[in-house]
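The file work.pdb comes next; it holds PDB, C-alpha atoms.
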ATOM      1  CA  MET A 377     -39.117 -12.470 -10.827
ATOM      2  CA  SER A 378     -39.517  -9.946 -13.624
ATOM      3  CA  ALA A 379     -41.954  -7.222 -12.721
ATOM      4  CA  VAL A 380     -44.625  -6.039 -15.134
ATOM      5  CA  PRO A 381     -43.402  -2.612 -16.235
ATOM      6  CA  HIS A 382     -45.258   0.542 -15.358
ATOM      7  CA  THR A 383     -45.849   3.108 -18.082
ATOM      8  CA  SER A 384     -43.232   5.244 -16.325
ATOM      9  CA  ASP A 385     -40.593   2.604 -17.074
ATOM     10  CA  PHE A 386     -40.984   3.320 -20.774
ATOM     11  CA  THR A 387     -41.146   7.096 -20.440
ATOM     12  CA  LEU A 388     -38.317   7.349 -17.900
ATOM     13  CA  LEU A 389     -35.677   6.976 -20.591
ATOM     14  CA  HIS A 390     -37.023   9.480 -23.107
ATOM     15  CA  ARG A 391     -34.229  11.857 -22.102
ATOM     16  CA  GLY A 392     -31.601   9.133 -22.178
ATOM     17  CA  LEU A 393     -29.441   7.522 -19.517
ATOM     18  CA  LEU A 394     -26.705  10.019 -18.821
ATOM     19  CA  ASP A 395     -26.850  13.062 -16.584
ATOM     20  CA  PRO A 396     -27.114  16.066 -18.939
ATOM     21  CA  ALA A 397     -24.596  17.965 -16.812
ATOM     22  CA  LEU A 398     -21.771  15.699 -18.011
ATOM     23  CA  ASP A 399     -19.317  17.447 -20.336
ATOM     24  CA  ALA A 400     -17.929  14.923 -22.811
ATOM     25  CA  GLU A 401     -15.117  17.211 -23.965
ATOM     26  CA  ARG A 402     -13.870  17.807 -20.423
ATOM     27  CA  LEU A 403     -14.065  14.089 -19.702
ATOM     28  CA  HIS A 404     -12.029  13.440 -22.855
ATOM     29  CA  THR A 405      -9.307  15.740 -21.523
ATOM     30  CA  ARG A 406      -9.322  13.957 -18.148
ATOM     31  CA  PHE A 407      -9.221  10.531 -19.753
ATOM     32  CA  ALA A 408      -6.352  11.485 -22.048
ATOM     33  CA  ALA A 409      -4.345  12.672 -19.038
ATOM     34  CA  GLN A 410      -5.192   9.873 -16.572
ATOM     35  CA  GLY A 411      -5.795   6.806 -18.736
ATOM     36  CA  TYR A 412      -8.964   5.963 -16.767
ATOM     37  CA  LEU A 413     -12.092   7.686 -15.479
ATOM     38  CA  GLN A 414     -14.412   7.460 -12.525
ATOM     39  CA  ILE A 415     -17.375   9.697 -13.277
ATOM     40  CA  GLU A 416     -19.568  10.475 -10.287
ATOM     41  CA  ASN A 417     -23.314  10.980 -10.793
ATOM     42  CA  GLY A 418     -23.046   9.504 -14.256
ATOM     43  CA  LEU A 419     -26.707   8.630 -14.853
ATOM     44  CA  ARG A 420     -29.750  10.786 -14.363
ATOM     45  CA  PRO A 421     -30.682  10.164 -10.691
ATOM     46  CA  GLU A 422     -34.117   8.732 -11.431
ATOM     47  CA  VAL A 423     -32.587   6.259 -13.894
ATOM     48  CA  ALA A 424     -29.960   5.132 -11.373
ATOM     49  CA  THR A 425     -32.675   4.625  -8.730
ATOM     50  CA  ARG A 426     -34.841   2.564 -11.083
ATOM     51  CA  LEU A 427     -31.871   0.466 -12.200
ATOM     52  CA  HIS A 428     -30.885  -0.242  -8.614
ATOM     53  CA  ARG A 429     -34.393  -1.520  -7.897
ATOM     54  CA  CYS A 430     -34.344  -3.667 -11.011
ATOM     55  CA  LEU A 431     -31.043  -5.326 -10.129
ATOM     56  CA  ALA A 432     -31.910  -5.706  -6.444
ATOM     57  CA  GLU A 433     -35.419  -7.101  -6.879
ATOM     58  CA  GLU A 434     -36.284  -8.184 -10.423
ATOM     59  CA  VAL A 435     -33.382  -9.827 -12.246
ATOM     60  CA  PRO A 436     -33.342 -13.659 -12.603
ATOM     61  CA  TRP A 437     -29.643 -14.166 -11.886
ATOM     62  CA  SER A 438     -27.307 -16.961 -12.950
ATOM     63  CA  ILE A 439     -23.943 -17.825 -11.388
ATOM     64  CA  ALA A 440     -21.011 -17.287 -13.753
ATOM     65  CA  TYR A 441     -17.887 -19.390 -13.134
ATOM     66  CA  ARG A 442     -15.276 -21.541 -14.855
ATOM     67  CA  ASP A 443     -14.774 -25.290 -14.863
ATOM     68  CA  GLU A 444     -12.184 -27.459 -16.630
ATOM     69  CA  ASP A 445     -13.852 -26.755 -19.996
ATOM     70  CA  GLY A 446     -14.130 -22.979 -19.675
ATOM     71  CA  PRO A 447     -16.786 -20.393 -18.762
ATOM     72  CA  LYS A 448     -20.152 -21.672 -17.573
ATOM     73  CA  THR A 449     -23.355 -20.368 -16.018
ATOM     74  CA  ILE A 450     -26.007 -22.005 -13.861
ATOM     75  CA  ALA A 451     -29.316 -20.360 -13.002
ATOM     76  CA  ARG A 452     -29.467 -19.516  -9.320
ATOM     77  CA  THR A 453     -32.841 -21.258  -9.081
ATOM     78  CA  ASP A 454     -31.237 -24.455 -10.420
ATOM     79  CA  PHE A 455     -28.254 -24.096  -8.115
ATOM     80  CA  GLU A 456     -30.503 -23.666  -5.087
ATOM     81  CA  ARG A 457     -32.273 -26.927  -5.955
ATOM     82  CA  LEU A 458     -28.985 -28.847  -5.706
ATOM     83  CA  SER A 459     -28.360 -30.901  -2.588
ATOM     84  CA  PRO A 460     -26.088 -29.389   0.073
ATOM     85  CA  ALA A 461     -23.410 -31.924  -0.902
ATOM     86  CA  ALA A 462     -23.622 -30.907  -4.582
ATOM     87  CA  GLN A 463     -23.398 -27.220  -3.666
ATOM     88  CA  ASP A 464     -20.342 -27.895  -1.517
ATOM     89  CA  ALA A 465     -18.761 -29.795  -4.418
ATOM     90  CA  PHE A 466     -19.413 -26.839  -6.729
ATOM     91  CA  TRP A 467     -17.650 -24.410  -4.390
ATOM     92  CA  ALA A 468     -14.765 -26.821  -3.876
ATOM     93  CA  GLN A 469     -14.300 -27.175  -7.631
ATOM     94  CA  THR A 470     -14.339 -23.431  -8.322
ATOM     95  CA  ALA A 471     -11.884 -22.821  -5.466
ATOM     96  CA  ALA A 472      -9.518 -25.538  -6.701
ATOM     97  CA  LEU A 473      -9.377 -23.971 -10.156
ATOM     98  CA  ALA A 474      -8.874 -20.509  -8.641
ATOM     99  CA  GLU A 475      -5.742 -21.755  -6.877
ATOM    100  CA  THR A 476      -4.018 -22.622 -10.137
ATOM    101  CA  GLY A 477      -5.430 -20.321 -12.809
ATOM    102  CA  TYR A 478      -7.971 -17.792 -13.962
ATOM    103  CA  GLN A 479     -11.322 -17.970 -12.209
ATOM    104  CA  PHE A 480     -14.371 -15.890 -11.416
ATOM    105  CA  VAL A 481     -17.568 -16.377  -9.474
ATOM    106  CA  TYR A 482     -20.314 -13.785  -9.660
ATOM    107  CA  ASP A 483     -23.978 -13.494 -10.592
ATOM    108  CA  THR A 484     -24.775 -12.422 -14.125
ATOM    109  CA  TYR A 485     -27.675 -11.587 -16.386
ATOM    110  CA  MET A 486     -26.707 -11.684 -20.067
ATOM    111  CA  MET A 487     -28.736  -8.746 -21.299
ATOM    112  CA  ILE A 488     -27.973  -8.943 -25.024
ATOM    113  CA  SER A 489     -28.824 -12.616 -25.485
ATOM    114  CA  ALA A 490     -31.939 -12.240 -23.317
ATOM    115  CA  TYR A 491     -33.018  -9.259 -25.410
ATOM    116  CA  LEU A 492     -32.445 -11.011 -28.751
ATOM    117  CA  GLN A 493     -34.213 -14.166 -27.554
ATOM    118  CA  LYS A 494     -37.091 -12.113 -26.110
ATOM    119  CA  ARG A 495     -36.687 -13.670 -22.674
ATOM    120  CA  HIS A 496     -38.252 -11.674 -19.816
ATOM    121  CA  PRO A 497     -39.636  -9.058 -22.246
ATOM    122  CA  ASP A 498     -41.058  -6.899 -19.442
ATOM    123  CA  LEU A 499     -37.742  -6.532 -17.631
ATOM    124  CA  PHE A 500     -36.543  -2.922 -17.436
ATOM    125  CA  LEU A 501     -33.076  -4.014 -18.598
ATOM    126  CA  ASN A 502     -34.424  -4.491 -22.125
ATOM    127  CA  ARG A 503     -34.877  -0.749 -22.378
ATOM    128  CA  ILE A 504     -31.280  -0.309 -21.220
ATOM    129  CA  VAL A 505     -30.016  -2.525 -24.058
ATOM    130  CA  GLU A 506     -31.713  -0.138 -26.466
ATOM    131  CA  GLN A 507     -30.370   2.942 -24.716
ATOM    132  CA  VAL A 508     -26.712   1.857 -24.661
ATOM    133  CA  ASN A 509     -26.914   1.232 -28.391
ATOM    134  CA  SER A 510     -28.646   4.524 -29.147
ATOM    135  CA  ARG A 511     -26.998   7.343 -31.063
ATOM    136  CA  PRO A 512     -26.728   9.780 -28.082
ATOM    137  CA  TRP A 513     -25.018   7.198 -25.850
ATOM    138  CA  LEU A 514     -22.559   6.071 -28.527
ATOM    139  CA  GLU A 515     -21.773   9.635 -29.594
ATOM    140  CA  PHE A 516     -21.065  10.644 -25.992
ATOM    141  CA  TRP A 517     -18.504   7.861 -25.574
ATOM    142  CA  ARG A 518     -16.948   8.478 -28.987
ATOM    143  CA  THR A 519     -16.236  12.005 -27.788
ATOM    144  CA  VAL A 520     -14.948  10.921 -24.362
ATOM    145  CA  THR A 521     -12.636   8.258 -25.798
ATOM    146  CA  GLY A 522     -11.733  10.003 -29.052
ATOM    147  CA  ASP A 523     -12.528   6.746 -30.868
ATOM    148  CA  ARG A 524     -14.907   7.376 -33.788
ATOM    149  CA  GLU A 525     -15.000   3.675 -34.723
ATOM    150  CA  ILE A 526     -17.199   2.639 -31.776
ATOM    151  CA  ILE A 527     -20.466   1.342 -33.227
ATOM    152  CA  LYS A 528     -22.194  -0.644 -30.458
ATOM    153  CA  THR A 529     -22.296  -1.590 -26.787
ATOM    154  CA  TYR A 530     -22.404  -5.074 -25.320
ATOM    155  CA  VAL A 531     -23.829  -5.019 -21.800
ATOM    156  CA  GLN A 532     -24.483  -7.440 -18.969
ATOM    157  CA  ALA A 533     -25.684  -7.044 -15.398
ATOM    158  CA  SER A 534     -23.548  -8.324 -12.526
ATOM    159  CA  ARG A 535     -23.996  -8.958  -8.820
ATOM    160  CA  TYR A 536     -21.268  -9.796  -6.287
ATOM    161  CA  ILE A 537     -22.223 -11.169  -2.897
ATOM    162  CA  ALA A 538     -20.149 -12.671  -0.074
ATOM    163  CA  GLY A 539     -17.335 -14.863  -1.398
ATOM    164  CA  TYR A 540     -17.565 -13.712  -5.034
ATOM    165  CA  TYR A 541     -14.503 -12.441  -6.961
ATOM    166  CA  LEU A 542     -12.975 -11.874 -10.389
ATOM    167  CA  LYS A 543      -9.310 -12.733 -10.842
ATOM    168  CA  ASN A 544      -6.761 -10.845 -12.939
ATOM    169  CA  HIS A 545      -7.747 -10.537 -16.619
ATOM    170  CA  ASN A 546      -7.664  -7.837 -19.309
ATOM    171  CA  ASP A 547     -11.135  -7.961 -20.976
ATOM    172  CA  TYR A 548      -9.695  -9.034 -24.343
ATOM    173  CA  GLN A 549     -12.100 -11.290 -26.224
ATOM    174  CA  ALA A 550     -11.076 -13.056 -29.444
ATOM    175  CA  GLY A 551     -13.381 -12.231 -32.346
ATOM    176  CA  GLN A 552     -14.571  -8.966 -30.818
ATOM    177  CA  GLU A 553     -13.134  -5.477 -31.069
ATOM    178  CA  ARG A 554     -13.660  -4.383 -27.495
ATOM    179  CA  ARG A 555     -12.180  -0.899 -27.292
ATOM    180  CA  PHE A 556     -13.270   0.354 -23.838
ATOM    181  CA  ALA A 557     -15.026  -0.911 -20.726
ATOM    182  CA  VAL A 558     -17.734   1.194 -19.071
ATOM    183  CA  VAL A 559     -18.916  -0.028 -15.653
ATOM    184  CA  ILE A 560     -22.009   1.588 -14.129
ATOM    185  CA  ASN A 561     -21.954   1.063 -10.348
ATOM    186  CA  LEU A 562     -25.358   0.701  -8.706
ATOM    187  CA  SER A 563     -24.608  -0.397  -5.125
ATOM    188  CA  ARG A 564     -25.780   1.917  -2.368
ATOM    189  CA  ASP A 565     -23.464   2.796   0.530
ATOM    190  CA  TRP A 566     -20.752   0.273  -0.336
ATOM    191  CA  GLU A 567     -17.987   0.110   2.298
ATOM    192  CA  VAL A 568     -14.374  -0.183   1.169
ATOM    193  CA  HIS A 569     -13.551  -2.886   3.743
ATOM    194  CA  TRP A 570     -16.204  -5.159   2.205
ATOM    195  CA  GLY A 571     -13.994  -5.872  -0.810
ATOM    196  CA  GLY A 572     -15.525  -5.977  -4.285
ATOM    197  CA  LEU A 573     -13.132  -3.216  -5.341
ATOM    198  CA  PHE A 574     -12.035  -2.572  -8.911
ATOM    199  CA  GLN A 575      -8.237  -2.792  -9.018
ATOM    200  CA  ALA A 576      -6.158  -1.832 -12.050
ATOM    201  CA  LEU A 577      -2.839  -3.682 -12.242
ATOM    202  CA  ASP A 578       0.537  -2.859 -13.748
ATOM    203  CA  ASP A 579       2.652  -5.176 -15.899
ATOM    204  CA  LYS A 580       4.096  -6.800 -12.762
ATOM    205  CA  GLY A 581       0.664  -7.577 -11.355
ATOM    206  CA  ASP A 582       0.884  -4.901  -8.657
ATOM    207  CA  VAL A 583      -2.134  -2.717  -7.880
ATOM    208  CA  LYS A 584      -1.754   0.757  -9.355
ATOM    209  CA  LEU A 585      -5.318   2.019  -8.867
ATOM    210  CA  THR A 586      -8.274   1.029  -6.674
ATOM    211  CA  LEU A 587     -11.812   2.324  -7.181
ATOM    212  CA  THR A 588     -14.711   1.862  -4.774
ATOM    213  CA  PRO A 589     -18.047   1.075  -6.505
ATOM    214  CA  LYS A 590     -19.821   4.277  -5.471
ATOM    215  CA  PHE A 591     -23.514   4.450  -6.279
ATOM    216  CA  ASN A 592     -24.166   5.997  -9.712
ATOM    217  CA  SER A 593     -20.487   6.274 -10.587
ATOM    218  CA  ILE A 594     -19.131   5.130 -13.953
ATOM    219  CA  ASN A 595     -15.665   3.599 -14.328
ATOM    220  CA  MET A 596     -14.136   3.674 -17.812
ATOM    221  CA  PHE A 597     -10.835   2.306 -19.134
ATOM    222  CA  LYS A 598      -9.228   1.246 -22.387
ATOM    223  CA  ILE A 599      -8.997  -2.439 -23.335
ATOM    224  CA  PRO A 600      -6.816  -4.448 -22.914
ATOM    225  CA  ALA A 601      -5.987  -3.498 -19.328
ATOM    226  CA  PRO A 602      -5.153  -5.957 -16.541
ATOM    227  CA  HIS A 603      -7.556  -5.640 -13.618
ATOM    228  CA  CYS A 604      -9.545  -7.632 -11.083
ATOM    229  CA  VAL A 605     -12.410  -7.346  -8.608
ATOM    230  CA  SER A 606     -11.243  -8.130  -5.095
ATOM    231  CA  PRO A 607     -13.131 -10.850  -3.168
ATOM    232  CA  VAL A 608     -16.214  -9.770  -1.250
ATOM    233  CA  ALA A 609     -15.761 -10.579   2.447
ATOM    234  CA  ASP A 610     -17.688 -13.546   3.824
ATOM    235  CA  TYR A 611     -19.503 -11.436   6.415
ATOM    236  CA  VAL A 612     -21.006  -9.014   3.864
ATOM    237  CA  THR A 613     -24.786  -9.091   3.449
ATOM    238  CA  ALA A 614     -24.992  -6.267   0.900
ATOM    239  CA  GLU A 615     -24.898  -6.759  -2.873
ATOM    240  CA  ARG A 616     -22.408  -5.175  -5.275
ATOM    241  CA  LEU A 617     -24.554  -4.343  -8.312
ATOM    242  CA  ALA A 618     -23.386  -3.044 -11.682
ATOM    243  CA  LEU A 619     -23.916  -2.906 -15.414
ATOM    244  CA  VAL A 620     -20.778  -3.860 -17.333
ATOM    245  CA  CYS A 621     -20.541  -2.439 -20.855
ATOM    246  CA  TRP A 622     -17.981  -2.962 -23.598
ATOM    247  CA  LEU A 623     -17.785  -0.350 -26.336
ATOM    248  CA  ARG A 624     -17.046  -2.258 -29.528
ATOM    249  CA  ALA A 625     -15.996  -1.549 -33.110
ATOM    250  CA  ASP A 626     -16.898  -4.913 -34.697
ATOM    251  CA  ARG A 627     -20.098  -5.835 -36.506
ATOM    252  CA  ASN A 628     -20.565  -9.315 -35.047
ATOM    253  CA  PRO A 629     -24.249 -10.049 -34.383
ATOM    254  CA  ASP A 630     -23.870 -10.488 -30.605
TER     255      ASP A 630
END
Same coordinates, now as structure tokens:
Amino acid sequence: MSAVPHTSDFTLLHRGLLDPALDAERLHTRFAAQGYLQIENGLRPEVATRLHRCLAEEVPWSIAYRDEDGPKTIARTDFERLSPAAQDAFWAQTAALAETGYQFVYDTYMMISAYLQKRHPDLFLNRIVEQVNSRPWLEFWRTVTGDREIIKTYVQASRYIAGYYLKNHNDYQAGQERRFAVVINLSRDWEVHWGGLFQALDDKGDVKLTLTPKFNSINMFKIPAPHCVSPVADYVTAERLALVCWLRADRNPD
């Protein structure tokens, strides 16, 4: 599925990812006052357009979910080769676990591991891995957050389609110093009644903030923070596309 890159794919990012009009100091003031950010027009428009095309047309997705042993993935091509009965059993199992505990179902592309293993080397997302670990990107977010200890970004691509969801969690990961989450929304013309909404929760589990995944907006919040992605309605034919980044302070190799 990966497209052979055009020369423009490599030159497109010479000026970085972020819109140069963004003022990191002003965003720092907003973040300090609000405790979260939604930044509209976060990426340079041509970068957002190219990323949307990559996620919509070129990424070899896998389904991320949990079973009795923990998080798992299955390539969508492998899933689609299963018999109808096996697919039904998969959905029944994920739903049963969702009734009693933490669960998620969404499409993922693990950008860091793919980059390190040199899988799909022509995929545009490899250039994004480099960009979100570049000095300008990291320095921008150090200023916005006020955290000078951020040294790297872990990033993955995600896609939510009808029936997908992400239950309440807080993004904490043992063995990693995840300081902040940065979610780059790349869905065009997403409707609020479709679901797939980011919802920040209070200590009682009540919704205190809902954000629609507007095209080329960036959501940012401090970790740990309880939140979820509401289920995408069964009738939806559109795709909720995003890059999910964690700004980290640890030196683990992943």
inquiry  = List the spatial neighbours of Phe480 (chain A) as a VMD selection string - criterion: any atom at most 7 Å away, all atoms listed in the file, same-chain residues fewer than 3 positions off excluded.
reply    = chain A and resid 441 to 442 541 to 543
Residues near Gly551 (chain A), cut-off 12 Å, only C-alpha atoms, skip fewer than 4 positions along chain, as JSON, numbers by chain = {"A": [624, 625, 626, 627, 628, 629, 630]}
For region 429-533 of chain A versus region 409-420 of chain A, which residues have an atom no more than 12 Å away, and what is each residue's nearest atom pair and distance in Å rounded to one decimal, using only C-alpha atoms, chain-then-number order, as a tab-separated table?
residue	atom	partner	partner_atom	distance
A:Ile504	CA	A:Leu419	CA	11.9
A:Gln507	CA	A:Leu419	CA	12.0
A:Val508	CA	A:Leu419	CA	11.9
A:Trp513	CA	A:Leu419	CA	11.2
A:Phe516	CA	A:Gly418	CA	12.0
A:Trp517	CA	A:Leu413	CA	12.0
A:Val520	CA	A:Leu413	CA	9.9
A:Thr521	CA	A:Gly411	CA	9.9
note = re CA of Ala533 (chain A) and CA of Asp483 (chain A): distance 8.2 Å
request  = Apply the PyMOL selection byres ((chain A and resi 392) around 12) to the structure shown and report the selected residues as a PyMOL selection string.
outcome  = chain A and resi 386-391+393-396+418-424+503-514+516
ask   = Hey, what comes out of the PyMOL selection byres ((chain A and resi 564) around 10) on this file? Could you write it as a list in words?
value = Thr425, His428, Asn561, Leu562, Ser563, Asp565, Trp566, Glu567, Pro589, Lys590, Phe591, Asn592, Ala614, Glu615, Arg616 and Leu617 of chain A
With N, CA and C atoms as the goal, would you fill in the gaps in region 610-622 of chain A and present it as an mmCIF file, in the frame of the given file?
data_model
loop_
_atom_site.group_PDB
_atom_site.id
_atom_site.type_symbol
_atom_site.label_atom_id
_atom_site.label_comp_id
_atom_site.auth_asym_id
_atom_site.auth_seq_id
_atom_site.Cartn_x
_atom_site.Cartn_y
_atom_site.Cartn_z
ATOM 1 N N ASP A 610 -16.657 -12.557 3.501
ATOM 2 C CA ASP A 610 -17.688 -13.546 3.824
ATOM 3 C C ASP A 610 -18.794 -13.001 4.721
ATOM 4 N N TYR A 611 -18.500 -11.959 5.483
ATOM 5 C CA TYR A 611 -19.503 -11.436 6.415
ATOM 6 C C TYR A 611 -20.453 -10.426 5.772
ATOM 7 N N VAL A 612 -20.229 -10.074 4.513
ATOM 8 C CA VAL A 612 -21.006 -9.014 3.864
ATOM 9 C C VAL A 612 -22.396 -9.526 3.498
ATOM 10 N N THR A 613 -23.416 -8.754 3.831
ATOM 11 C CA THR A 613 -24.786 -9.091 3.449
ATOM 12 C C THR A 613 -25.314 -8.210 2.321
ATOM 13 N N ALA A 614 -24.591 -7.151 1.996
ATOM 14 C CA ALA A 614 -24.992 -6.267 0.900
ATOM 15 C C ALA A 614 -24.640 -6.893 -0.448
ATOM 16 N N GLU A 615 -25.138 -6.285 -1.525
ATOM 17 C CA GLU A 615 -24.898 -6.759 -2.873
ATOM 18 C C GLU A 615 -24.176 -5.679 -3.678
ATOM 19 N N ARG A 616 -23.115 -6.093 -4.363
ATOM 20 C CA ARG A 616 -22.408 -5.175 -5.275
ATOM 21 C C ARG A 616 -23.044 -5.324 -6.650
ATOM 22 N N LEU A 617 -23.763 -4.300 -7.089
ATOM 23 C CA LEU A 617 -24.554 -4.343 -8.312
ATOM 24 C C LEU A 617 -23.938 -3.424 -9.365
ATOM 25 N N ALA A 618 -23.969 -3.861 -10.621
ATOM 26 C CA ALA A 618 -23.386 -3.044 -11.682
ATOM 27 C C ALA A 618 -23.909 -3.481 -13.041
ATOM 28 N N LEU A 619 -23.807 -2.578 -14.002
ATOM 29 C CA LEU A 619 -23.916 -2.906 -15.414
ATOM 30 C C LEU A 619 -22.524 -2.789 -16.009
ATOM 31 N N VAL A 620 -22.105 -3.830 -16.725
ATOM 32 C CA VAL A 620 -20.778 -3.860 -17.333
ATOM 33 C C VAL A 620 -20.953 -3.756 -18.842
ATOM 34 N N CYS A 621 -20.399 -2.699 -19.416
ATOM 35 C CA CYS A 621 -20.541 -2.439 -20.855
ATOM 36 C C CYS A 621 -19.175 -2.512 -21.529
ATOM 37 N N TRP A 622 -19.174 -3.030 -22.758
ATOM 38 C CA TRP A 622 -17.981 -2.962 -23.598
ATOM 39 C C TRP A 622 -18.335 -2.207 -24.866
#
